[in-house]
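A.B. asks: Input: one structure, supplied below.
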Amino acid sequence: MSAALALAIPAANTGLDRVRALLGAGTSANTTRAYAQARADFAAYLQRLGGIRVSEDNAIPIVLSYLGEMRDRGLSHATANLRILAIAHLVEQSCGADLLRCSAIKVALRGYKNQDILAGKRQKQAKPCT
């Protein structure tokens with residue numbers, strides 16, 4: 001694994017191809033687009049931080065900061081959760097940080113969800129498959 005992760009906003013086809021390869025062939029086009037958008041949003045966040053690179057030492061603080069930034073932008077818990085899932089594999093492969101097992105991130109996501117509930121935000125129910 002490399003020592004640092006440098007994410008650039010992917011070109012449309014290249015980014016979608018990478019996401020498809022990561023998720024597998026049976027993934028819907030909407031899921032693939034959502035994950036590609038999540039990766040691009042995280043890359044843009046890193047650029048806003050001055051092009052910082054994610055390493056094993058700073059991955060967790062950067063992702064916690066990213067969660068706070070998403071909260072400030074008014075994004076829902078469901079969107080934040082999807083975006084963390086979308087970048088987790090990239091971060092783990094590049095620097096070894098396991099975002100999905102990090103208790104600080106789990107607590108932050110749980111708090112994010114509780115804030116949504118207190119604010120009266122409800123997650124939209126998915127349409128049933130027919």
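Every chain in the structure tokens takes a letter, A first, then B, and so on in the order presented; its residues are numbered from 1, and the ligands are numbered from 1 following the presented order.
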Residues at most 6 Å from region 73-78 of chain A, counting only C-alpha atoms, excluding those fewer than 3 positions away in the same chain, as a ChimeraX atom specification?

C.D. replies: /A:70,81,112-113

A.B. asks: Write out the residues from the selection above, keeping N, CA, C and O atoms, as a compact mmCIF listing (two decimals), in the first residue's frame.

C.D. replies:
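Below is the file out.txt, written as the result:
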```txt
# COMPACT_ATOMS: atom_id res chain seq x y z
N MET A 70 -19.81 18.37 5.62
CA MET A 70 -21.06 17.94 5.00
C MET A 70 -22.25 18.36 5.85
O MET A 70 -23.29 18.78 5.32
N ASN A 81 -23.39 9.11 4.98
CA ASN A 81 -23.06 7.69 5.12
C ASN A 81 -22.62 7.09 3.78
O ASN A 81 -21.62 6.38 3.71
N TYR A 112 -24.60 12.37 13.78
CA TYR A 112 -25.14 13.03 12.58
C TYR A 112 -26.59 12.59 12.38
O TYR A 112 -27.48 13.41 12.16
N LYS A 113 -26.82 11.28 12.49
CA LYS A 113 -28.18 10.75 12.31
C LYS A 113 -29.12 11.29 13.39
O LYS A 113 -30.25 11.69 13.09
```

A.B. asks: Considering only C-alpha atoms, can you say which of A:Ser65, A:Gln37, A:Thr32, A:Ser55 comes closest to Glu92 (chain A)?

C.D. replies: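 The closest residue to Glu92 (chain A) is A:Ser55.
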
A.B. asks: A:Leu49, A:Leu64, A:Ala43, A:Val107: which is nearest Leu90 (chain A), counting only C-alpha atoms?

C.D. replies: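 Closest residue, counting only C-alpha atoms: A:Ala43.
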
A.B. asks: Just the number, please: distance in Å from CA of Tyr45 (chain A) to CA of Leu67 (chain A), one decimal.

C.D. replies: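 Going from CA of Tyr45 (chain A) over to CA of Leu67 (chain A) covers 10.6 Å.
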
A.B. asks: Set the distance at 8 Å and use only C-alpha atoms: which residues neighbour Leu100 (chain A) once local chain neighbours fewer than 6 positions away are removed? I'd like the list as a PyMOL selection string.

C.D. replies: chain A and resi 85+88+106

A.B. asks: Please indicate the distance in Å from CA of Gly51 (chain A) to CA of Gly111 (chain A), rounded to one decimal place.

C.D. replies: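 Separating CA of Gly51 (chain A) from CA of Gly111 (chain A) is a distance of 28.0 Å.
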
A.B. asks: Just how far from CA of Ala108 (chain A) is CA of Asp57 (chain A), in Å to one decimal?

C.D. replies: 18.7 Å

A.B. asks: From the set A:Ile60, A:Ile84, A:Thr79, A:Ala29, which residue has the shortest atom-to-atom contact distance to Phe42 (chain A), counting only C-alpha atoms?

C.D. replies: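 Of A:Ile60, A:Ile84, A:Thr79, A:Ala29, the one nearest Phe42 (chain A), counting only C-alpha atoms, is A:Ile84.
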
A.B. asks: I'd like to know which of A:Cys102, A:Val54, A:Val63, A:Ala97 is closest to Ala80 (chain A), using only C-alpha atoms.

C.D. replies: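 Comparing A:Cys102, A:Val54, A:Val63, A:Ala97 against Ala80 (chain A), the winner is A:Val63.
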